[in-house]
Structure formats: C-alpha cells, structure tokens
>>> print(open('data_34.cif').read())   # mmCIF, C-alpha atoms
data_start
loop_
_atom_site.label_atom_id
_atom_site.label_comp_id
_atom_site.auth_asym_id
_atom_site.auth_seq_id
_atom_site.Cartn_x
_atom_site.Cartn_y
_atom_site.Cartn_z
CA MET F 28 185.73 -90.75 204.39
CA ALA F 29 187.80 -89.46 207.30
CA ARG F 30 191.53 -90.14 207.43
CA THR F 31 192.94 -91.96 210.40
CA SER F 32 195.97 -90.27 212.03
CA LYS F 33 199.21 -92.19 211.98
CA ALA F 34 201.09 -92.89 215.17
CA PRO F 35 204.43 -91.02 215.37
CA ARG F 36 207.43 -93.07 214.46
CA PRO F 37 209.94 -93.72 217.31
CA PHE F 38 212.89 -92.38 215.24
CA THR F 39 211.09 -89.10 214.48
CA THR F 40 210.18 -88.64 218.14
CA LEU F 41 213.78 -89.25 219.23
CA MET F 42 215.23 -86.75 216.73
CA SER F 43 212.73 -84.08 217.73
CA THR F 44 213.65 -84.52 221.37
CA ILE F 45 217.39 -84.28 220.66
CA VAL F 46 217.00 -81.13 218.56
CA GLY F 47 214.84 -79.51 221.22
CA LEU F 48 217.28 -80.30 224.01
CA ALA F 49 220.22 -79.05 221.92
CA PHE F 50 218.45 -75.74 221.24
CA LEU F 51 217.61 -75.34 224.92
CA TRP F 52 221.24 -76.04 225.94
CA PHE F 53 222.57 -73.51 223.41
CA PHE F 54 220.11 -70.84 224.59
CA ILE F 55 221.02 -71.29 228.26
CA ARG F 56 224.78 -71.31 227.52
CA SER F 57 224.54 -68.15 225.39
CA SER F 58 222.60 -66.30 228.07
CA SER F 59 225.09 -67.34 230.74
CA SER F 60 228.18 -66.35 228.75
CA GLY F 61 226.55 -63.07 227.71
CA SER F 62 225.97 -61.94 231.29
CA SER F 63 229.53 -62.77 232.36
CA ARG F 64 230.93 -60.99 229.33
CA ALA F 65 229.29 -57.74 230.41
CA GLY F 66 230.99 -58.01 233.83
CA PRO F 67 231.00 -54.94 236.05
CA LEU F 68 229.84 -52.63 233.26
CA LEU F 69 226.38 -54.13 233.54
CA LYS F 70 226.24 -53.12 237.19
CA LEU F 71 227.73 -49.71 236.57
CA ASN F 72 225.67 -48.48 233.67
CA THR F 73 223.53 -51.37 232.39
CA GLY F 74 225.80 -52.12 229.44
CA VAL F 75 224.06 -54.88 227.49
CA PRO F 76 226.01 -57.20 225.15
CA VAL F 77 224.13 -57.37 221.86
CA SER F 78 226.66 -59.77 220.36
CA ASN F 79 230.28 -60.78 220.77
CA THR F 80 231.39 -57.47 219.19
CA ILE F 81 228.51 -55.11 220.05
CA LYS F 82 227.55 -53.64 223.42
CA ARG F 83 224.79 -51.20 224.24
CA TYR F 84 225.15 -48.60 227.02
CA ASN F 85 222.47 -46.45 228.58
CA LEU F 86 224.13 -43.17 229.57
CA ASN F 87 220.96 -42.19 231.43
CA ALA F 88 221.91 -44.87 233.95
CA VAL F 89 225.27 -43.22 234.76
CA SER F 90 224.80 -41.24 237.97
CA SER F 91 226.94 -38.35 239.21
CA THR F 92 225.55 -37.33 242.58
CA SER F 93 226.48 -35.92 245.96
CA HIS F 94 226.64 -39.53 247.20
CA ALA F 95 229.30 -40.76 244.83
CA LEU F 96 230.81 -43.26 247.26
CA GLU F 97 227.49 -44.78 248.31
CA ASN F 98 226.39 -45.05 244.68
CA LYS F 99 229.75 -46.55 243.61
CA GLU F 100 230.26 -43.84 240.99
CA ARG F 101 233.31 -44.29 238.79
CA VAL F 102 235.93 -41.49 238.88
CA LEU F 103 238.54 -40.91 236.17
CA ILE F 104 241.71 -39.15 237.37
CA LEU F 105 243.76 -37.53 234.59
CA THR F 106 247.30 -36.19 235.01
CA PRO F 107 249.70 -34.80 232.41
CA VAL F 108 253.21 -35.59 233.68
CA VAL F 109 256.29 -33.67 232.57
CA LYS F 110 258.18 -34.30 235.81
CA PHE F 111 257.49 -37.18 238.18
CA TYR F 112 257.10 -36.16 241.83
CA ASP F 113 257.15 -39.02 244.31
CA GLU F 114 255.07 -36.86 246.67
CA TYR F 115 252.29 -36.69 244.07
CA TRP F 116 252.22 -40.47 243.82
CA LYS F 117 252.24 -40.98 247.59
CA ASN F 118 249.39 -38.49 247.95
CA LEU F 119 247.40 -40.29 245.24
CA LEU F 120 247.79 -43.58 247.10
CA LYS F 121 246.50 -41.99 250.32
CA LEU F 122 243.13 -41.03 248.80
CA THR F 123 240.33 -42.90 250.56
CA TYR F 124 237.99 -43.27 247.59
CA PRO F 125 237.92 -47.03 246.74
CA ARG F 126 240.54 -47.87 244.15
CA GLU F 127 238.24 -50.29 242.37
CA LEU F 128 236.18 -47.22 241.40
CA LEU F 129 239.18 -45.22 240.16
CA ASP F 130 240.51 -45.22 236.61
CA ILE F 131 243.83 -43.39 236.29
CA GLY F 132 245.28 -41.84 233.15
CA PHE F 133 248.70 -40.27 232.57
CA ILE F 134 250.26 -38.65 229.52
CA VAL F 135 253.98 -37.97 229.18
CA PRO F 136 255.88 -35.90 226.60
CA LYS F 137 257.62 -37.20 223.54
CA GLY F 138 261.42 -37.36 223.65
CA SER F 139 264.12 -38.07 226.24
CA ARG F 140 262.41 -36.08 228.99
CA GLY F 141 259.25 -38.13 228.52
CA ASN F 142 261.26 -41.37 228.52
CA ALA F 143 262.72 -40.55 231.93
CA VAL F 144 259.28 -39.74 233.33
CA LEU F 145 257.86 -42.92 231.81
CA MET F 146 260.42 -45.10 233.58
CA SER F 147 259.63 -43.62 237.00
CA LEU F 148 255.90 -43.74 236.39
CA GLU F 149 255.84 -47.34 235.17
CA LYS F 150 257.88 -48.47 238.17
CA ALA F 151 255.43 -46.86 240.60
CA VAL F 152 252.37 -48.12 238.73
CA GLN F 153 253.70 -51.68 238.45
CA LYS F 154 254.14 -51.93 242.20
CA VAL F 155 250.53 -50.93 242.91
CA GLN F 156 248.86 -52.79 240.05
CA THR F 157 250.43 -56.10 241.06
CA SER F 158 249.09 -55.75 244.61
CA ARG F 159 245.64 -56.67 245.90
CA ASN F 160 244.60 -53.04 246.42
CA LYS F 161 244.98 -51.92 242.81
CA PHE F 162 243.19 -49.30 240.75
CA ALA F 163 240.41 -50.35 238.38
CA SER F 164 242.71 -49.39 235.52
CA VAL F 165 245.85 -47.38 234.81
CA THR F 166 246.64 -46.07 231.32
CA ILE F 167 249.82 -44.25 230.28
CA LEU F 168 249.87 -42.34 226.99
CA LYS F 169 252.83 -40.80 225.23
CA GLN F 170 252.29 -37.51 223.43
CA ASP F 171 253.12 -37.03 219.78
CA PHE F 172 254.87 -33.74 220.68
CA ASP F 173 257.45 -32.56 223.21
CA THR F 174 257.10 -29.64 225.61
CA SER F 175 258.69 -26.45 224.28
CA THR F 176 259.31 -24.63 227.57
CA GLY F 177 261.61 -25.23 230.52
CA GLN F 178 260.23 -26.83 233.63
CA THR F 179 261.57 -24.70 236.47
CA GLU F 180 258.92 -22.62 238.21
CA ARG F 181 260.38 -19.40 236.83
CA GLU F 182 260.51 -20.72 233.26
CA ARG F 183 256.96 -22.09 233.37
CA HIS F 184 255.46 -18.82 234.55
CA ALA F 185 257.30 -16.38 232.30
CA LYS F 186 254.66 -14.31 230.54
CA ASP F 187 256.10 -14.65 227.03
CA VAL F 188 255.76 -18.46 227.05
CA GLN F 189 252.30 -18.66 228.58
CA LYS F 190 250.23 -19.00 225.43
CA GLN F 191 252.46 -21.71 223.95
CA ARG F 192 252.87 -23.55 227.25
CA ARG F 193 249.18 -23.59 228.06
CA SER F 194 248.28 -24.50 224.49
CA GLU F 195 250.48 -27.59 224.80
CA LEU F 196 249.00 -28.39 228.20
CA ALA F 197 245.48 -28.07 226.78
CA MET F 198 246.35 -30.51 223.97
CA ALA F 199 247.74 -32.99 226.51
CA ARG F 200 244.60 -32.72 228.65
CA ASN F 201 242.37 -33.22 225.61
CA GLN F 202 244.30 -36.26 224.38
CA LEU F 203 243.96 -37.85 227.81
CA LEU F 204 240.29 -36.98 228.11
CA ILE F 205 239.22 -38.11 224.65
CA SER F 206 241.21 -41.32 224.91
CA LEU F 207 239.98 -42.42 228.34
CA LEU F 208 236.52 -41.01 229.07
CA GLY F 209 234.33 -44.12 229.15
CA PRO F 210 230.59 -44.88 229.25
CA ALA F 211 230.83 -45.78 232.95
CA THR F 212 232.60 -42.58 234.04
CA SER F 213 230.62 -40.37 236.42
CA TRP F 214 233.24 -37.78 237.38
CA VAL F 215 236.58 -36.60 235.99
CA LEU F 216 239.27 -35.25 238.32
CA HIS F 217 242.00 -33.34 236.50
CA LEU F 218 244.87 -33.53 238.99
CA ASP F 219 248.18 -31.85 238.17
CA ALA F 220 251.41 -33.80 238.68
CA ASP F 221 252.86 -31.13 240.97
CA ILE F 222 249.99 -31.28 243.47
CA THR F 223 251.73 -33.07 246.31
CA GLU F 224 249.28 -32.66 249.18
CA THR F 225 245.49 -32.84 249.40
CA PRO F 226 243.01 -34.00 252.02
CA ILE F 227 242.78 -37.80 251.80
CA SER F 228 239.02 -37.44 251.31
CA LEU F 229 239.50 -35.12 248.31
CA ILE F 230 237.19 -37.02 245.95
CA GLU F 231 234.45 -37.56 248.52
CA ASP F 232 234.62 -33.90 249.59
CA LEU F 233 234.44 -32.50 246.05
CA THR F 234 231.75 -34.83 244.71
CA ALA F 235 229.64 -34.14 247.82
CA GLN F 236 229.13 -30.57 246.53
CA ASN F 237 227.40 -32.00 243.42
CA LYS F 238 228.60 -29.22 241.09
CA ASP F 239 229.20 -29.44 237.35
CA VAL F 240 232.64 -27.82 237.52
CA LEU F 241 234.42 -27.38 240.85
CA VAL F 242 237.93 -26.34 241.87
CA PRO F 243 239.51 -26.02 245.33
CA ASN F 244 242.03 -23.32 246.20
CA CYS F 245 245.64 -24.11 245.33
CA TYR F 246 248.22 -22.87 247.83
CA GLN F 247 251.89 -23.53 248.47
CA ARG F 248 253.74 -24.24 251.70
CA TYR F 249 256.91 -22.24 252.34
CA THR F 250 259.25 -21.12 255.08
CA THR F 251 259.34 -17.44 256.01
CA ASP F 252 262.56 -15.44 256.43
CA GLU F 253 262.10 -15.92 260.17
CA GLY F 254 262.02 -19.70 259.72
CA SER F 255 258.32 -20.22 260.35
CA ALA F 256 256.10 -22.54 258.28
CA ALA F 257 253.45 -20.68 256.31
CA VAL F 258 251.17 -20.99 253.28
CA ARG F 259 250.58 -18.63 250.35
CA PRO F 260 248.34 -18.50 247.26
CA TYR F 261 249.73 -20.24 244.20
CA ASP F 262 247.16 -20.59 241.41
CA TYR F 263 245.54 -17.39 240.10
CA ASN F 264 243.52 -18.97 237.28
CA SER F 265 240.34 -19.31 239.34
CA TRP F 266 238.49 -16.01 239.29
CA ARG F 267 235.31 -14.01 238.93
CA ASP F 268 235.34 -11.73 235.90
CA SER F 269 235.54 -7.92 236.01
CA PRO F 270 234.28 -5.12 233.74
CA THR F 271 237.92 -4.18 233.14
CA ALA F 272 238.83 -7.64 231.84
CA LEU F 273 235.75 -7.78 229.62
CA ASP F 274 236.60 -4.36 228.15
CA MET F 275 240.22 -5.40 227.58
CA ALA F 276 239.05 -8.45 225.64
CA LYS F 277 237.02 -6.25 223.28
CA THR F 278 240.16 -4.46 222.10
CA MET F 279 242.30 -7.59 221.58
CA GLY F 280 243.09 -9.37 218.34
CA LYS F 281 241.29 -12.66 217.76
CA ASP F 282 244.37 -14.75 218.66
CA GLU F 283 245.36 -12.80 221.77
CA VAL F 284 244.86 -14.26 225.24
CA LEU F 285 244.09 -12.55 228.54
CA LEU F 286 246.46 -13.81 231.23
CA GLU F 287 246.10 -13.56 234.98
CA GLY F 288 248.77 -12.65 237.51
CA TYR F 289 250.90 -10.21 235.48
CA ALA F 290 251.29 -6.56 236.52
CA ASP F 291 251.32 -5.23 232.96
CA MET F 292 247.98 -6.95 232.24
CA ALA F 293 245.93 -5.85 235.24
CA THR F 294 242.44 -7.35 234.86
CA TYR F 295 241.10 -6.46 238.32
CA ARG F 296 239.28 -9.77 238.46
CA THR F 297 238.27 -11.16 241.85
CA LEU F 298 240.74 -13.97 242.44
CA MET F 299 239.68 -17.02 244.45
CA ALA F 300 243.25 -17.15 245.79
CA TYR F 301 242.34 -14.15 247.97
CA MET F 302 238.80 -15.20 248.91
CA ARG F 303 240.02 -17.53 251.64
CA THR F 304 238.63 -16.77 255.11
CA ASP F 305 238.93 -20.10 256.96
CA ASP F 306 242.22 -21.34 258.43
CA ASN F 307 240.93 -24.92 258.63
CA PHE F 308 242.08 -25.87 255.06
CA THR F 309 238.93 -27.95 254.42
CA GLY F 310 236.10 -25.42 254.46
CA THR F 311 233.22 -26.14 252.07
CA ARG F 312 232.06 -22.59 251.32
CA LEU F 313 231.24 -22.20 247.62
CA GLU F 314 231.75 -19.24 245.28
CA GLU F 315 230.56 -19.07 241.69
CA LEU F 316 233.43 -18.43 239.25
CA ASP F 317 234.01 -17.46 235.63
CA GLY F 318 237.51 -18.93 235.31
CA VAL F 319 239.01 -22.07 236.83
CA GLY F 320 242.49 -23.45 237.30
CA GLY F 321 243.32 -27.09 236.65
CA THR F 322 245.42 -28.10 239.65
CA ALA F 323 242.61 -30.26 241.11
CA LEU F 324 239.60 -29.68 238.87
CA LEU F 325 236.53 -31.90 239.32
CA VAL F 326 234.15 -32.08 236.35
CA ARG F 327 230.87 -33.91 236.02
CA ALA F 328 231.52 -36.30 233.13
CA ASP F 329 228.46 -35.09 231.24
CA VAL F 330 230.07 -31.66 230.85
CA HIS F 331 232.83 -33.27 228.82
CA ARG F 332 230.40 -35.53 226.97
CA ASP F 333 228.40 -32.46 225.94
CA GLY F 334 231.48 -30.91 224.34
CA GLY F 335 233.37 -29.15 227.12
CA PHE F 336 237.09 -29.42 226.40
CA PHE F 337 240.29 -27.41 226.92
CA PRO F 338 240.85 -24.99 224.02
CA SER F 339 244.45 -24.95 222.84
CA PHE F 340 243.69 -21.70 221.02
CA ALA F 341 242.27 -18.34 222.03
CA TYR F 342 238.62 -19.01 222.87
CA GLU F 343 236.97 -15.69 223.68
CA HIS F 344 240.54 -14.58 224.60
CA LEU F 345 240.91 -17.39 227.12
CA ILE F 346 242.89 -20.63 226.87
CA GLU F 347 243.16 -24.07 228.51
CA THR F 348 241.29 -24.36 231.84
CA GLU F 349 240.03 -20.77 231.79
CA GLY F 350 238.80 -21.34 228.23
CA PHE F 351 237.17 -24.57 229.43
CA ALA F 352 235.28 -22.62 232.09
CA ARG F 353 233.93 -20.19 229.49
CA MET F 354 233.00 -23.06 227.18
CA SER F 355 231.19 -24.83 230.04
CA GLN F 356 229.20 -21.67 230.70
CA ARG F 357 228.26 -21.49 227.01
CA LEU F 358 227.00 -25.09 227.31
CA GLY F 359 224.75 -24.03 230.19
CA TYR F 360 226.83 -25.25 233.12
CA LYS F 361 228.11 -23.27 236.12
CA CYS F 362 231.62 -23.18 237.54
CA TRP F 363 232.30 -23.11 241.25
CA GLY F 364 235.23 -22.74 243.61
CA MET F 365 235.93 -23.70 247.22
CA PRO F 366 238.15 -20.87 248.52
CA ASP F 367 238.60 -22.40 251.99
CA TYR F 368 239.45 -25.91 250.78
CA LEU F 369 243.17 -26.17 250.02
CA VAL F 370 245.37 -28.39 247.91
CA PHE F 371 249.11 -27.75 247.89
CA HIS F 372 251.53 -27.26 245.02
CA HIS F 373 255.09 -28.53 245.12
CA ASN F 374 257.59 -25.87 246.21
CA GLU F 375 260.85 -25.95 244.27
#
>>> encode(input="data_34.cif", output="structure tokens")
Amino acid sequence: MARTSKAPRPFTTLMSTIVGLAFLWFFIRSSSSGSSRAGPLLKLNTGVPVSNTIKRYNLNAVSSTSHALENKERVLILTPVVKFYDEYWKNLLKLTYPRELLDIGFIVPKGSRGNAVLMSLEKAVQKVQTSRNKFASVTILKQDFDTSTGQTERERHAKDVQKQRRSELAMARNQLLISLLGPATSWVLHLDADITETPISLIEDLTAQNKDVLVPNCYQRYTTDEGSAAVRPYDYNSWRDSPTALDMAKTMGKDEVLLEGYADMATYRTLMAYMRTDDNFTGTRLEELDGVGGTALLVRADVHRDGGFFPSFAYEHLIETEGFARMSQRLGYKCWGMPDYLVFHHNE
C-alpha cells in the first residue's frame, strides 16, 4: 500500500527559509569584503585573497614593458642615504611619473650620522606624504652597521678604501631591495642620494627602452678656470670589458677586486663615460655593457626576483654594481647603457 506524503509543517518551512537567507547574506558579505580587502593589488597583479591571512599573487600578471606609464606599472625607487641633499629631494619631486605608482625606499646608517640624516629625511617625507599628491608608499630603514669611510669626495674615492666602502654600499642596497621588493613591482630604480639633477621624464625615458638592466651616463657640472659652465664625466663604473682586464683577473687572488679609474690598475676597458657623442643630454642611443654603475640604475624587477643582487664580496673579481652586472649576465640577462643620456652628480 502506497504511503501518502505529509504536507510540510509551517515551522519547518519558516526555519528553512531563514537559514537559506542567512547563508545567502553571509556569502554576499564575504565576497564583498574580500574584493575590497584586495584593493589596488587586485588591479595591479591579480592578487586574490584566499582568506583573511592568505593572499595569492600571479607574478605572470606583473608587466614590465616599454609602455610603463600607459600600463600603470609600479616602480620602486631605492636610495641609500649617508648625506641628505636637498637638491636630490627636489629633483625626485619633479619626476613626472605618477606618484601613486611610485614606492620609495631609503636606508640610513647606524649611529649619530644616520640620526642626523634621518631627521632631515623624515621632515621632507612628512611634508609630501601628508599632501594630496603623495607617493604610494615611503619606507625608511636604518642599517645595523655604520659607514666606515669619510664622506668627502676625496675620501670616498681613495683606492685603499674602495673594497670596504663598496662592500658596505652593496649590503645597504641589498637590505633595501630584499626588504621592499613586492609582488606588484615592475621596475626598480636604484637612485643614488647625490644625484641632484635628471630629466623630469627619467622613469618614462628609461622604461621606454625596455631593457633588463639599463644605466644612463653620470656627469658632473663644474665651472672652468675661465669661469664658464661645463660638464665632465663622473662615474667610471659603466664599461665594456677588455682582454687586458680579463687577463688581470686571472692572476688575482680570489678576494681581490678589479677597480676602475685608477692609473696603477689600468684595465683598458671601454668606458661609457667617454662614449658620449650627443650634446643634447637626453639622447637614447644604446650600448651593450659588461659593467654598470649605480647612480641611476634601472632594473627589470624579474632580474632581482631571479637572484640578481649586489655582491658585497669579490664576485669574479667584481663588487657591488659591477658585480651585479656580471651576475645578471650569468642569469641570462643583458646590461645596457645610454651614453648620451645624462644624470648629474652633486659637485662638492
């Protein structure tokens, strides 16, 4: 005999409806809060919140192209600061790349010298970051070591302090880089604190070349004995290697470093400082290099993600930025220079 189905009770129907509506409300609320929690990272590199404490990022979605501005590519500017130059800061503020796409990182030395720099830096940063036109982020780190060399131009460039000085600079660059390179970063611009003049379109001009590692020519303005304004080469760390330098390296001890710009260590490399042919200051001619300086060094972020860093030790008899160039080559990347595009170093 067949059973007759019972009619649903009103109480059971009501409870089922309430539970269903509650579940639907919770689902919609969770989805809404999840999308807002991801914020701009979702737009930049499709970061997906998996939970309140877990996010997933797709690095394949991070672009670094010749159209950085149009593609809203994020740029990380990193500057070790031993002495604060107001001209550096003013030049940084003149750059035309949108500040909402710029993350800035500074690192200052330990000790009283670093404390003085920190005060000046924080004052300048506070003024900008409380305005409407602020950077996406500004981070200031303090080193766990002090600088061991003097900071006059003569003291910094004395040959007998070069290995120690550049080893410390490499450590500072690495601490900045490792601490601040993020999943949304497309490009990294290593900009020295004593670079006080660049074209205002520096970032757009360099990213437009779409190179893995790229450095402009660093010059210095000065006044001649006759009182005329002139410019001269300053940075000699951007070069194309020579058979002489390669042979010299073969005879060196494992901890010895080849240095550029010293008469008693003549390498006969081709220096980008002397490749300049255009008086326009913003020429875009490219030359492939084997060594690079770090005064205004643009690096595709993937080069760093793949393991390119600044050796604080003798790496194939090179150190710091020149060692980074060699390491980048070993990773399969190429280094380039723009001999006719000038940035200017402070003149003491």
>>> atom_distance(input="data_34.cif", atom1="CA of Ala272 (chain F)", atom2="CA of Leu298 (chain F)")
12.5 Å
>>> resolve_selection(input="data_34.cif", expression="the PyMOL selection byres ((chain F and resi 358) around 12)", output="PyMOL selection string")
chain F and resi 239-240+329-336+351-357+359-362
>>> write_last_selection(input="data_34.cif", atoms="C-alpha atoms", output="compact mmCIF listing (two decimals), in the coordinates of the input")
# COMPACT_ATOMS: atom_id res chain seq x y z
CA ASP F 239 229.20 -29.44 237.35
CA VAL F 240 232.64 -27.82 237.52
CA ASP F 329 228.46 -35.09 231.24
CA VAL F 330 230.07 -31.66 230.85
CA HIS F 331 232.83 -33.27 228.82
CA ARG F 332 230.40 -35.53 226.97
CA ASP F 333 228.40 -32.46 225.94
CA GLY F 334 231.48 -30.91 224.34
CA GLY F 335 233.37 -29.15 227.12
CA PHE F 336 237.09 -29.42 226.40
CA PHE F 351 237.17 -24.57 229.43
CA ALA F 352 235.28 -22.62 232.09
CA ARG F 353 233.93 -20.19 229.49
CA MET F 354 233.00 -23.06 227.18
CA SER F 355 231.19 -24.83 230.04
CA GLN F 356 229.20 -21.67 230.70
CA ARG F 357 228.26 -21.49 227.01
CA GLY F 359 224.75 -24.03 230.19
CA TYR F 360 226.83 -25.25 233.12
CA LYS F 361 228.11 -23.27 236.12
CA CYS F 362 231.62 -23.18 237.54
>>> resolve_selection(input="data_34.cif", expression="the PyMOL selection byres ((chain F and resi 87-90) around 9)", output="PyMOL selection string")
chain F and resi 71-73+84-86+91-92+95+98+100+210-213
>>> closest_residue(input="data_34.cif", among="F:Pro243, F:Pro76, F:Gly138, F:Pro260", to="Val370 (chain F)", atoms="all atoms listed in the file")
F:Pro243
>>> axis_aligned_box(input="data_34.cif", around="region 359-364 of chain F", padding_each_side="6 Å", output="JSON")
{"center_x": 230.0, "center_y": -24.0, "center_z": 236.9, "size_x": 22.5, "size_y": 14.5, "size_z": 25.4}
>>> residues_around(input="data_34.cif", residues="Ser228 (chain F)", least_positions_apart="2", cutoff="9 Å", atoms="all atoms listed in the file", output="ChimeraX atom specification")
/F:121-124,225-226,230-233
>>> atom_distance(input="data_34.cif", atom1="CA of Asp219 (chain F)", atom2="CA of Ser255 (chain F)")
27.0 Å
>>> decode(input="data_34.cif", residues="region 137-152 of chain F", atoms="N, CA, C and O atoms", output="mmCIF file, in the first residue's frame")
data_model
loop_
_atom_site.group_PDB
_atom_site.id
_atom_site.type_symbol
_atom_site.label_atom_id
_atom_site.label_comp_id
_atom_site.auth_asym_id
_atom_site.auth_seq_id
_atom_site.Cartn_x
_atom_site.Cartn_y
_atom_site.Cartn_z
ATOM 1 N N LYS F 137 73.656 53.406 10.693
ATOM 2 C CA LYS F 137 73.544 53.361 12.142
ATOM 3 C C LYS F 137 74.409 54.481 12.736
ATOM 4 O O LYS F 137 75.379 54.902 12.131
ATOM 5 N N GLY F 138 74.055 54.960 13.921
ATOM 6 C CA GLY F 138 74.902 55.925 14.605
ATOM 7 C C GLY F 138 74.449 57.361 14.446
ATOM 8 O O GLY F 138 73.405 57.650 13.853
ATOM 9 N N SER F 139 75.259 58.292 14.968
ATOM 10 C CA SER F 139 74.885 59.704 15.005
ATOM 11 C C SER F 139 74.746 60.298 13.607
ATOM 12 O O SER F 139 73.875 61.144 13.369
ATOM 13 N N ARG F 140 75.590 59.858 12.673
ATOM 14 C CA ARG F 140 75.493 60.384 11.316
ATOM 15 C C ARG F 140 74.165 59.977 10.688
ATOM 16 O O ARG F 140 73.483 60.779 10.043
ATOM 17 N N GLY F 141 73.760 58.739 10.923
ATOM 18 C CA GLY F 141 72.476 58.276 10.415
ATOM 19 C C GLY F 141 71.309 58.981 11.076
ATOM 20 O O GLY F 141 70.286 59.253 10.424
ATOM 21 N N ASN F 142 71.445 59.320 12.358
ATOM 22 C CA ASN F 142 70.371 60.024 13.067
ATOM 23 C C ASN F 142 70.120 61.399 12.464
ATOM 24 O O ASN F 142 68.977 61.844 12.322
ATOM 25 N N ALA F 143 71.208 62.093 12.113
ATOM 26 C CA ALA F 143 71.080 63.417 11.505
ATOM 27 C C ALA F 143 70.404 63.325 10.136
ATOM 28 O O ALA F 143 69.528 64.137 9.801
ATOM 29 N N VAL F 144 70.799 62.334 9.353
ATOM 30 C CA VAL F 144 70.175 62.129 8.045
ATOM 31 C C VAL F 144 68.695 61.798 8.209
ATOM 32 O O VAL F 144 67.838 62.305 7.477
ATOM 33 N N LEU F 145 68.394 60.955 9.181
ATOM 34 C CA LEU F 145 67.020 60.516 9.412
ATOM 35 C C LEU F 145 66.109 61.693 9.726
ATOM 36 O O LEU F 145 64.970 61.763 9.241
ATOM 37 N N MET F 146 66.581 62.641 10.506
ATOM 38 C CA MET F 146 65.774 63.807 10.858
ATOM 39 C C MET F 146 65.421 64.630 9.614
ATOM 40 O O MET F 146 64.270 65.022 9.410
ATOM 41 N N SER F 147 66.421 64.881 8.779
ATOM 42 C CA SER F 147 66.179 65.656 7.552
ATOM 43 C C SER F 147 65.245 64.910 6.607
ATOM 44 O O SER F 147 64.342 65.501 5.997
ATOM 45 N N LEU F 148 65.473 63.619 6.483
ATOM 46 C CA LEU F 148 64.682 62.803 5.570
ATOM 47 C C LEU F 148 63.228 62.721 6.020
ATOM 48 O O LEU F 148 62.300 62.887 5.211
ATOM 49 N N GLU F 149 63.006 62.472 7.297
ATOM 50 C CA GLU F 149 61.641 62.353 7.805
ATOM 51 C C GLU F 149 60.872 63.664 7.662
ATOM 52 O O GLU F 149 59.674 63.657 7.368
ATOM 53 N N LYS F 150 61.546 64.773 7.851
ATOM 54 C CA LYS F 150 60.904 66.076 7.689
ATOM 55 C C LYS F 150 60.433 66.278 6.255
ATOM 56 O O LYS F 150 59.306 66.726 6.005
ATOM 57 N N ALA F 151 61.297 65.939 5.296
ATOM 58 C CA ALA F 151 60.939 66.091 3.884
ATOM 59 C C ALA F 151 59.822 65.134 3.488
ATOM 60 O O ALA F 151 58.878 65.522 2.783
ATOM 61 N N VAL F 152 59.912 63.898 3.956
ATOM 62 C CA VAL F 152 58.905 62.891 3.616
ATOM 63 C C VAL F 152 57.550 63.249 4.208
ATOM 64 O O VAL F 152 56.511 63.137 3.538
#
